[in-house]
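Novice: File name input10.txt; file contents compact mmCIF, C-alpha atoms; full text below.
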# COMPACT_ATOMS: atom_id res chain seq x y z
CA MET A 1 0.00 0.00 0.00
CA THR A 2 1.38 3.40 -0.97
CA THR A 3 1.01 6.52 1.15
CA PRO A 4 -0.10 9.71 -0.63
CA VAL A 5 2.10 12.74 0.04
CA LYS A 6 1.40 16.24 -1.21
CA ILE A 7 4.53 18.22 -2.12
CA ASP A 8 4.42 21.97 -2.74
CA PHE A 9 7.70 22.97 -4.38
CA VAL A 10 8.02 26.76 -4.09
CA SER A 11 10.77 27.96 -6.42
CA ASP A 12 11.96 30.22 -9.21
CA ILE A 13 13.44 29.36 -12.61
CA SER A 14 16.33 31.77 -11.99
CA CYS A 15 17.35 30.04 -8.74
CA PRO A 16 20.14 27.47 -9.25
CA TRP A 17 19.61 26.01 -5.78
CA CYS A 18 16.06 25.21 -6.85
CA ILE A 19 17.15 22.79 -9.58
CA ILE A 20 19.70 21.30 -7.17
CA GLY A 21 16.93 20.81 -4.62
CA LEU A 22 14.57 19.37 -7.22
CA ARG A 23 17.15 16.83 -8.33
CA GLY A 24 17.70 15.85 -4.70
CA LEU A 25 13.97 15.45 -4.18
CA GLU A 26 13.58 13.38 -7.34
CA GLU A 27 16.36 11.03 -6.26
CA ALA A 28 14.79 10.68 -2.83
CA LEU A 29 11.41 9.85 -4.39
CA ALA A 30 13.09 7.16 -6.50
CA ARG A 31 14.60 5.70 -3.34
CA VAL A 32 11.32 5.47 -1.44
CA GLY A 33 9.83 3.79 -4.50
CA GLY A 34 6.50 2.10 -3.87
CA GLU A 35 6.19 3.35 -0.30
CA MET A 36 4.51 6.59 -1.30
CA GLU A 37 2.64 8.32 -4.09
CA ALA A 38 3.87 11.89 -4.48
CA ASP A 39 1.73 14.71 -5.84
CA ILE A 40 4.21 17.48 -6.72
CA ARG A 41 2.93 20.96 -7.47
CA PHE A 42 5.32 23.73 -8.47
CA ARG A 43 4.45 27.03 -6.81
CA PRO A 44 5.64 30.47 -8.01
CA PHE A 45 8.25 32.67 -6.35
CA GLU A 46 10.06 35.53 -8.06
CA LEU A 47 13.57 36.40 -6.97
CA ASN A 48 13.63 39.46 -9.23
CA PRO A 49 10.05 40.65 -9.80
CA ASP A 50 11.20 44.15 -10.82
CA MET A 51 13.79 42.99 -13.37
CA ALA A 52 13.50 44.88 -16.67
CA GLN A 53 12.97 43.20 -20.04
CA GLY A 54 16.23 41.72 -21.28
CA GLY A 55 17.51 40.98 -17.81
CA GLU A 56 20.84 41.86 -16.26
CA ASN A 57 24.33 40.44 -16.39
CA LEU A 58 24.55 37.81 -13.66
CA GLY A 59 27.89 38.93 -12.25
CA GLU A 60 26.80 42.56 -12.08
CA HIS A 61 23.47 41.55 -10.59
CA VAL A 62 25.04 39.48 -7.81
CA THR A 63 27.56 42.20 -6.99
CA ARG A 64 24.85 44.84 -6.81
CA LYS A 65 22.32 42.74 -4.92
CA MET A 66 24.59 40.80 -2.55
CA GLY A 67 27.55 43.16 -2.25
CA SER A 68 29.99 40.35 -3.02
CA THR A 69 33.32 40.82 -4.74
CA ARG A 70 34.03 39.43 -8.19
CA GLU A 71 36.14 36.68 -6.61
CA GLN A 72 33.43 35.74 -4.10
CA SER A 73 30.83 35.65 -6.85
CA ALA A 74 33.04 33.41 -9.00
CA GLN A 75 33.63 31.03 -6.09
CA MET A 76 29.92 30.78 -5.37
CA ARG A 77 29.15 30.05 -9.03
CA GLN A 78 31.76 27.28 -8.99
CA THR A 79 30.25 25.80 -5.84
CA ILE A 80 26.81 25.83 -7.42
CA THR A 81 28.12 24.33 -10.66
CA ASP A 82 29.82 21.50 -8.75
CA ARG A 83 26.74 20.78 -6.63
CA ALA A 84 24.53 20.66 -9.71
CA ALA A 85 26.99 18.42 -11.56
CA ALA A 86 26.88 15.97 -8.65
CA THR A 87 23.13 15.58 -9.30
CA GLY A 88 23.68 15.09 -13.04
CA PHE A 89 22.54 18.58 -14.06
CA ALA A 90 24.80 20.92 -16.06
CA ILE A 91 24.93 24.59 -15.13
CA ASN A 92 27.00 26.59 -17.59
CA PHE A 93 27.82 29.97 -16.08
CA SER A 94 29.84 32.42 -18.14
CA ASP A 95 30.78 36.08 -18.07
CA ASP A 96 27.79 36.67 -20.34
CA SER A 97 25.23 34.82 -18.20
CA ARG A 98 22.11 36.84 -17.45
CA VAL A 99 19.29 36.77 -14.92
CA TYR A 100 15.73 37.50 -16.05
CA ASN A 101 12.26 38.31 -14.87
CA THR A 102 10.43 34.97 -14.70
CA PHE A 103 6.79 36.03 -14.34
CA ASP A 104 5.81 34.78 -17.80
CA ALA A 105 7.49 31.45 -17.11
CA HIS A 106 5.42 31.12 -13.94
CA ARG A 107 2.24 31.86 -15.90
CA LEU A 108 3.15 29.06 -18.28
CA LEU A 109 3.85 26.71 -15.38
CA HIS A 110 0.41 27.48 -13.96
CA TRP A 111 -1.13 26.66 -17.34
CA ALA A 112 0.99 23.51 -17.65
CA GLY A 113 -0.36 22.36 -14.31
CA GLU A 114 -3.84 22.36 -15.82
CA GLU A 115 -2.52 20.53 -18.90
CA GLY A 116 -0.79 17.81 -16.87
CA GLY A 117 2.70 18.78 -18.00
CA GLN A 118 3.98 21.01 -15.20
CA HIS A 119 6.88 18.81 -14.12
CA ALA A 120 8.15 18.38 -17.68
CA LEU A 121 7.96 22.13 -18.32
CA LYS A 122 9.74 22.96 -15.07
CA GLN A 123 12.62 20.68 -16.04
CA ALA A 124 12.73 22.13 -19.55
CA LEU A 125 12.83 25.70 -18.24
CA PHE A 126 15.69 24.93 -15.88
CA ALA A 127 17.69 23.31 -18.68
CA ALA A 128 17.01 26.17 -21.07
CA HIS A 129 18.06 28.81 -18.57
CA PHE A 130 21.02 27.22 -16.78
CA THR A 131 22.41 24.78 -19.34
CA ARG A 132 21.77 26.66 -22.58
CA GLY A 133 21.57 30.24 -21.31
CA GLU A 134 18.24 31.09 -22.96
CA ALA A 135 16.23 34.18 -22.08
CA MET A 136 13.36 33.51 -19.69
CA ASP A 137 11.49 36.67 -20.71
CA ASP A 138 11.48 36.08 -24.47
CA HIS A 139 8.15 34.74 -25.73
CA ASP A 140 9.57 32.93 -28.74
CA ALA A 141 12.12 31.17 -26.54
CA LEU A 142 9.45 30.24 -24.01
CA VAL A 143 7.15 28.79 -26.67
CA ALA A 144 10.01 26.68 -28.00
CA ILE A 145 10.71 25.40 -24.48
CA VAL A 146 7.04 24.53 -24.04
CA GLU A 147 7.13 22.47 -27.24
CA GLN A 148 10.33 20.72 -26.08
CA ALA A 149 8.40 19.72 -22.95
CA GLY A 150 5.74 18.09 -25.12
CA LEU A 151 3.07 20.77 -24.68
CA ASP A 152 1.11 22.82 -27.23
CA GLY A 153 3.14 25.81 -28.40
CA ALA A 154 0.16 27.61 -29.92
CA LYS A 155 -1.76 27.42 -26.65
CA ALA A 156 1.31 28.62 -24.77
CA ARG A 157 1.69 31.63 -27.04
CA GLU A 158 -1.96 32.53 -26.48
CA VAL A 159 -1.37 32.40 -22.72
CA LEU A 160 1.68 34.63 -23.03
CA GLU A 161 0.10 37.22 -25.33
CA SER A 162 -3.23 37.36 -23.49
CA GLY A 163 -1.77 37.87 -20.02
CA ARG A 164 -3.81 34.92 -18.77
CA TYR A 165 -3.04 33.49 -15.31
CA ALA A 166 -1.36 36.71 -14.17
CA ALA A 167 -3.83 37.16 -11.31
CA GLU A 168 -3.56 33.51 -10.28
CA VAL A 169 0.23 33.65 -10.14
CA ARG A 170 0.18 36.89 -8.12
CA GLN A 171 -2.28 35.34 -5.68
CA GLU A 172 -0.14 32.25 -5.23
CA GLU A 173 3.00 34.31 -4.71
CA ALA A 174 1.23 36.36 -2.06
CA LEU A 175 -0.10 33.21 -0.40
CA TRP A 176 3.33 31.66 0.05
CA ARG A 177 4.81 34.93 1.28
CA SER A 178 2.00 35.12 3.83
CA ARG A 179 3.03 31.65 5.01
CA GLY A 180 6.55 32.88 5.72
CA ILE A 181 8.31 31.72 2.56
CA ASN A 182 10.97 34.38 1.88
CA SER A 183 13.62 32.30 0.12
CA VAL A 184 13.66 29.33 -2.21
CA PRO A 185 13.59 26.48 -2.74
CA ALA A 186 11.03 25.81 -0.04
CA ILE A 187 9.52 22.34 -0.15
CA VAL A 188 6.39 21.80 1.93
CA LEU A 189 5.27 18.25 2.66
CA ASN A 190 1.58 17.66 3.35
CA GLU A 191 1.15 21.38 4.11
CA LYS A 192 2.95 20.74 7.41
CA TYR A 193 6.69 20.06 7.09
CA LEU A 194 9.19 22.41 5.47
CA VAL A 195 12.49 21.47 3.86
CA SER A 196 14.49 24.55 2.88
CA GLY A 197 17.31 24.94 0.37
CA GLY A 198 19.04 22.78 -2.20
CA GLN A 199 19.30 19.77 0.07
CA PRO A 200 20.85 16.42 -0.93
CA ALA A 201 18.72 13.36 -1.56
CA GLU A 202 19.50 11.95 1.89
CA MET A 203 17.82 14.90 3.59
CA PHE A 204 14.71 14.64 1.45
CA GLU A 205 14.55 10.87 1.91
CA GLN A 206 14.66 11.27 5.67
CA ALA A 207 11.86 13.83 5.60
CA LEU A 208 9.71 11.77 3.24
CA ARG A 209 10.08 8.61 5.30
CA ALA A 210 9.15 10.54 8.43
CA VAL A 211 5.97 11.79 6.76
CA VAL A 212 5.08 8.29 5.59
CA ALA A 213 5.72 6.83 9.05
CA GLU A 214 3.54 9.48 10.67
CA GLN A 215 0.63 8.81 8.33
CA GLU A 216 0.89 5.07 8.86
CA THR A 217 0.41 5.52 12.60
CA VAL A 218 -2.70 7.69 12.24
Starting from the file, lay out its structure as structure tokens.
Specialist:
Amino acid sequence: MTTPVKIDFVSDISCPWCIIGLRGLEEALARVGGEMEADIRFRPFELNPDMAQGGENLGEHVTRKMGSTREQSAQMRQTITDRAAATGFAINFSDDSRVYNTFDAHRLLHWAGEEGGQHALKQALFAAHFTRGEAMDDHDALVAIVEQAGLDGAKAREVLESGRYAAEVRQEEALWRSRGINSVPAIVLNEKYLVSGGQPAEMFEQALRAVVAEQETV
């Protein structure tokens, strides 16, 4: 008998720790196998909601926002690259890497949730942004990513050009902020337990098994 577990994965496409955390969660879910049935829903969070069209150079952005030196920024990018590589995901930072506003990507993820392809689109967006360096605020690029994820590009373009799901995404963002989520990734299990950050699979496995054990005793 499998135990149902609801997983709310609050994250942003422009957050490298979010893909690291997702890979850790996915490995943990593979480890628990038939013990549980996970329902993963990706929830929106914007790290840079005021970012202008076209984005900003990543190095300049980090220096301005975090106050880090060029050397500190380079070391952090290397740490992130190594952590991602350990999960099998390639992050290709360069001097030309940019960070973008991701609101439109979140609108598409909301739509993809209704289409049954949210997980595939989330993965495709991460790969497009971090591995291939594509712009997350360019509609043509986003439509192509949608099609790579096996979803309808024409429907996606209509969502983008119509502004649909803007209110829903804003409401969800406000909801998670009201629940105290101020950084991502934030992974909430059964609306009760929080796992924060790009944790390794072992941490997620421990949390998942604890949730399963608790439900089995109820």
Novice: What are the nearest atom pairs, with distances in Å to one decimal, for all residues of segment 64-126 of chain A that come at most 10 Å from segment 160-164 of chain A, using all atoms listed in the file, set out by chain and rising residue number as CSV?
Specialist:
residue,atom,partner,partner_atom,distance
A:Asp104,CA,A:Leu160,CA,6.7
A:Ala105,CA,A:Leu160,CA,8.9
A:Arg107,CA,A:Arg164,CA,7.4
A:Leu108,CA,A:Leu160,CA,7.5
A:His110,CA,A:Arg164,CA,9.8
A:Trp111,CA,A:Arg164,CA,8.8
Novice: Would you mind reading off the distance between atom CA of Ser73 of chain A and atom CA of Gly88 of chain A, one decimal, in Å?
Specialist: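 Computing the Euclidean distance for atom CA of Ser73 of chain A and atom CA of Gly88 of chain A yields 22.6 Å.
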Novice: Just the residues within 7 Å of segment 184-193 of chain A, please, counting all atoms listed in the file, with nothing from its chain fewer than 4 positions along; format it as a PyMOL selection string.
Specialist: chain A and resi 5-11+17-18+21+197-198
Novice: Pick out the closest residue to Gln118 of chain A from this set: A:Val99, A:Ala149, A:Ala74, A:Val169. Count all atoms listed in the file.
Specialist: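 Closest to Gln118 of chain A, using all atoms listed in the file: A:Ala149.
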Novice: Find the residues near Phe93 of chain A: any atom within 8 Å, counting only C-alpha atoms, skip ones fewer than 4 places away on the same chain, and give them as a PDB file with C-alpha atoms, in the coordinates of the input.
Specialist:
ATOM      1  CA  ARG A  77      29.150  30.050  -9.030  1.00  0.00           C
ATOM      2  CA  THR A  81      28.120  24.330 -10.660  1.00  0.00           C
ATOM      3  CA  SER A  97      25.230  34.820 -18.200  1.00  0.00           C
ATOM      4  CA  PHE A 130      21.020  27.220 -16.780  1.00  0.00           C
TER       5      PHE A 130
END
Novice: For each of A:Pro44, A:Ala85, A:Asn57, A:Ile19, take the minimum atom-to-atom distance to Leu175 of chain A, counting only C-alpha atoms, then give the residue where this is smallest.
Specialist: A:Pro44
Novice: Would you compute the distance between atom CA of Leu151 of chain A and atom CA of Gly117 of chain A? Give it in Å to one decimal.
Specialist: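 Going from atom CA of Leu151 of chain A over to atom CA of Gly117 of chain A covers 7.0 Å.
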Novice: From the list A:Glu114, A:Glu158, A:Glu35, A:Glu46, which residue is nearest Gln215 of chain A when using all atoms listed in the file?
Specialist: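 Nearest to Gln215 of chain A: A:Glu35.
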Novice: Quick one: residues within 10 Å of Gln78 of chain A, all atoms listed in the file counted, chain neighbours fewer than 5 positions away excluded, as a list in words?
Specialist: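 Here the qualifying residues turn out to be Gln72, Ser73, Arg83, Ala84, Ile91, Asn92 and Phe93 of chain A.
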Novice: Rounded to one decimal in Å, what is the spacing between atom CA of Phe126 of chain A and atom CA of Arg64 of chain A?
Specialist: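 Atom CA of Phe126 of chain A sits 23.7 Å away from atom CA of Arg64 of chain A.
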Novice: Give the answer as one residue: which of A:Val195, A:Ala52, A:Ala213, A:Leu208 has the shortest atom-to-atom distance to Ala38 of chain A, using all atoms listed in the file?
Specialist: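 That would be A:Leu208, the residue with the smallest distance to Ala38 of chain A.
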Novice: Please provide as an NGL selection string all residues within 8 Å of segment 134-136 of chain A, with the sequence filter that same-chain residues fewer than 3 positions apart are discarded (counting all atoms listed in the file).
Specialist: :A and (54 or 98 or 100-102 or 104-105 or 125 or 128-130 or 141-142)
Novice: Enclose segment 131-147 of chain A, meaning all of its atoms listed in the file, in a box aligned along x, y and z, pad it by 5 Å on each side, and list the centre and edge lengths in Å to one decimal, as lines of an AutoDock Vina configuration file.
Specialist:
center_x = 14.7
center_y = 29.6
center_z = -24.0
size_x = 25.4
size_y = 24.2
size_z = 19.4
Novice: All heavy atoms are what I want for segment 65-76 of chain A; can you complete it accordingly and write them as a PDB file, keeping the file's coordinate frame?
Specialist:
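File produced: rebuild-v5.pdb:
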ATOM      1  N   LYS A  65      23.352  43.204  -5.843  1.00  0.00           N
ATOM      2  CA  LYS A  65      22.320  42.740  -4.920  1.00  0.00           C
ATOM      3  C   LYS A  65      22.909  42.195  -3.616  1.00  0.00           C
ATOM      4  O   LYS A  65      22.363  42.432  -2.527  1.00  0.00           O
ATOM      5  CB  LYS A  65      21.471  41.657  -5.586  1.00  0.00           C
ATOM      6  CG  LYS A  65      20.234  41.257  -4.805  1.00  0.00           C
ATOM      7  CD  LYS A  65      19.368  40.315  -5.625  1.00  0.00           C
ATOM      8  CE  LYS A  65      18.089  39.959  -4.883  1.00  0.00           C
ATOM      9  NZ  LYS A  65      17.204  39.078  -5.696  1.00  0.00           N
ATOM     10  N   MET A  66      24.019  41.469  -3.712  1.00  0.00           N
ATOM     11  CA  MET A  66      24.590  40.800  -2.550  1.00  0.00           C
ATOM     12  C   MET A  66      25.794  41.527  -1.967  1.00  0.00           C
ATOM     13  O   MET A  66      26.216  41.234  -0.841  1.00  0.00           O
ATOM     14  CB  MET A  66      25.004  39.370  -2.933  1.00  0.00           C
ATOM     15  CG  MET A  66      23.897  38.572  -3.602  1.00  0.00           C
ATOM     16  SD  MET A  66      22.433  38.339  -2.557  1.00  0.00           S
ATOM     17  CE  MET A  66      23.113  37.286  -1.282  1.00  0.00           C
ATOM     18  N   GLY A  67      26.382  42.451  -2.749  1.00  0.00           N
ATOM     19  CA  GLY A  67      27.550  43.160  -2.250  1.00  0.00           C
ATOM     20  C   GLY A  67      28.814  42.324  -2.249  1.00  0.00           C
ATOM     21  O   GLY A  67      29.797  42.672  -1.585  1.00  0.00           O
ATOM     22  N   SER A  68      28.826  41.233  -2.995  1.00  0.00           N
ATOM     23  CA  SER A  68      29.990  40.350  -3.020  1.00  0.00           C
ATOM     24  C   SER A  68      31.027  40.857  -4.009  1.00  0.00           C
ATOM     25  O   SER A  68      30.711  41.596  -4.947  1.00  0.00           O
ATOM     26  CB  SER A  68      29.559  38.928  -3.412  1.00  0.00           C
ATOM     27  OG  SER A  68      28.914  38.927  -4.670  1.00  0.00           O
ATOM     28  N   THR A  69      32.261  40.457  -3.804  1.00  0.00           N
ATOM     29  CA  THR A  69      33.320  40.820  -4.740  1.00  0.00           C
ATOM     30  C   THR A  69      33.250  39.906  -5.955  1.00  0.00           C
ATOM     31  O   THR A  69      32.561  38.878  -5.950  1.00  0.00           O
ATOM     32  CB  THR A  69      34.696  40.663  -4.078  1.00  0.00           C
ATOM     33  OG1 THR A  69      34.915  39.266  -3.789  1.00  0.00           O
ATOM     34  CG2 THR A  69      34.791  41.473  -2.791  1.00  0.00           C
ATOM     35  N   ARG A  70      33.981  40.263  -7.000  1.00  0.00           N
ATOM     36  CA  ARG A  70      34.030  39.430  -8.190  1.00  0.00           C
ATOM     37  C   ARG A  70      34.549  38.030  -7.859  1.00  0.00           C
ATOM     38  O   ARG A  70      34.045  37.029  -8.359  1.00  0.00           O
ATOM     39  CB  ARG A  70      34.928  40.089  -9.245  1.00  0.00           C
ATOM     40  CG  ARG A  70      35.070  39.283 -10.540  1.00  0.00           C
ATOM     41  CD  ARG A  70      36.031  39.973 -11.489  1.00  0.00           C
ATOM     42  NE  ARG A  70      35.477  41.225 -11.976  1.00  0.00           N
ATOM     43  CZ  ARG A  70      34.724  41.327 -13.052  1.00  0.00           C
ATOM     44  NH1 ARG A  70      34.413  40.253 -13.752  1.00  0.00           N
ATOM     45  NH2 ARG A  70      34.268  42.506 -13.453  1.00  0.00           N
ATOM     46  N   GLU A  71      35.555  37.966  -6.991  1.00  0.00           N
ATOM     47  CA  GLU A  71      36.140  36.680  -6.610  1.00  0.00           C
ATOM     48  C   GLU A  71      35.138  35.837  -5.816  1.00  0.00           C
ATOM     49  O   GLU A  71      35.020  34.625  -6.026  1.00  0.00           O
ATOM     50  CB  GLU A  71      37.415  36.894  -5.784  1.00  0.00           C
ATOM     51  CG  GLU A  71      38.585  37.483  -6.555  1.00  0.00           C
ATOM     52  CD  GLU A  71      38.407  38.970  -6.865  1.00  0.00           C
ATOM     53  OE1 GLU A  71      37.572  39.639  -6.196  1.00  0.00           O
ATOM     54  OE2 GLU A  71      39.091  39.464  -7.780  1.00  0.00           O
ATOM     55  N   GLN A  72      34.425  36.464  -4.888  1.00  0.00           N
ATOM     56  CA  GLN A  72      33.430  35.740  -4.100  1.00  0.00           C
ATOM     57  C   GLN A  72      32.307  35.221  -4.990  1.00  0.00           C
ATOM     58  O   GLN A  72      31.836  34.089  -4.815  1.00  0.00           O
ATOM     59  CB  GLN A  72      32.861  36.659  -3.015  1.00  0.00           C
ATOM     60  CG  GLN A  72      33.834  36.992  -1.900  1.00  0.00           C
ATOM     61  CD  GLN A  72      33.316  38.085  -0.982  1.00  0.00           C
ATOM     62  OE1 GLN A  72      32.553  38.955  -1.399  1.00  0.00           O
ATOM     63  NE2 GLN A  72      33.720  38.034   0.279  1.00  0.00           N
ATOM     64  N   SER A  73      31.888  36.048  -5.930  1.00  0.00           N
ATOM     65  CA  SER A  73      30.830  35.650  -6.850  1.00  0.00           C
ATOM     66  C   SER A  73      31.274  34.464  -7.706  1.00  0.00           C
ATOM     67  O   SER A  73      30.509  33.510  -7.920  1.00  0.00           O
ATOM     68  CB  SER A  73      30.450  36.827  -7.746  1.00  0.00           C
ATOM     69  OG  SER A  73      29.428  36.456  -8.656  1.00  0.00           O
ATOM     70  N   ALA A  74      32.511  34.504  -8.178  1.00  0.00           N
ATOM     71  CA  ALA A  74      33.040  33.410  -9.000  1.00  0.00           C
ATOM     72  C   ALA A  74      33.119  32.115  -8.197  1.00  0.00           C
ATOM     73  O   ALA A  74      32.799  31.022  -8.704  1.00  0.00           O
ATOM     74  CB  ALA A  74      34.411  33.780  -9.544  1.00  0.00           C
ATOM     75  N   GLN A  75      33.531  32.222  -6.936  1.00  0.00           N
ATOM     76  CA  GLN A  75      33.630  31.030  -6.090  1.00  0.00           C
ATOM     77  C   GLN A  75      32.259  30.423  -5.830  1.00  0.00           C
ATOM     78  O   GLN A  75      32.081  29.195  -5.857  1.00  0.00           O
ATOM     79  CB  GLN A  75      34.297  31.389  -4.766  1.00  0.00           C
ATOM     80  CG  GLN A  75      34.469  30.204  -3.820  1.00  0.00           C
ATOM     81  CD  GLN A  75      35.273  29.072  -4.451  1.00  0.00           C
ATOM     82  OE1 GLN A  75      36.389  29.274  -4.917  1.00  0.00           O
ATOM     83  NE2 GLN A  75      34.713  27.881  -4.459  1.00  0.00           N
ATOM     84  N   MET A  76      31.272  31.278  -5.598  1.00  0.00           N
ATOM     85  CA  MET A  76      29.920  30.780  -5.370  1.00  0.00           C
ATOM     86  C   MET A  76      29.379  30.092  -6.622  1.00  0.00           C
ATOM     87  O   MET A  76      28.747  29.028  -6.540  1.00  0.00           O
ATOM     88  CB  MET A  76      28.996  31.921  -4.949  1.00  0.00           C
ATOM     89  CG  MET A  76      27.537  31.496  -4.752  1.00  0.00           C
ATOM     90  SD  MET A  76      27.341  30.116  -3.584  1.00  0.00           S
ATOM     91  CE  MET A  76      27.789  30.950  -2.045  1.00  0.00           C
TER      92      MET A  76
END
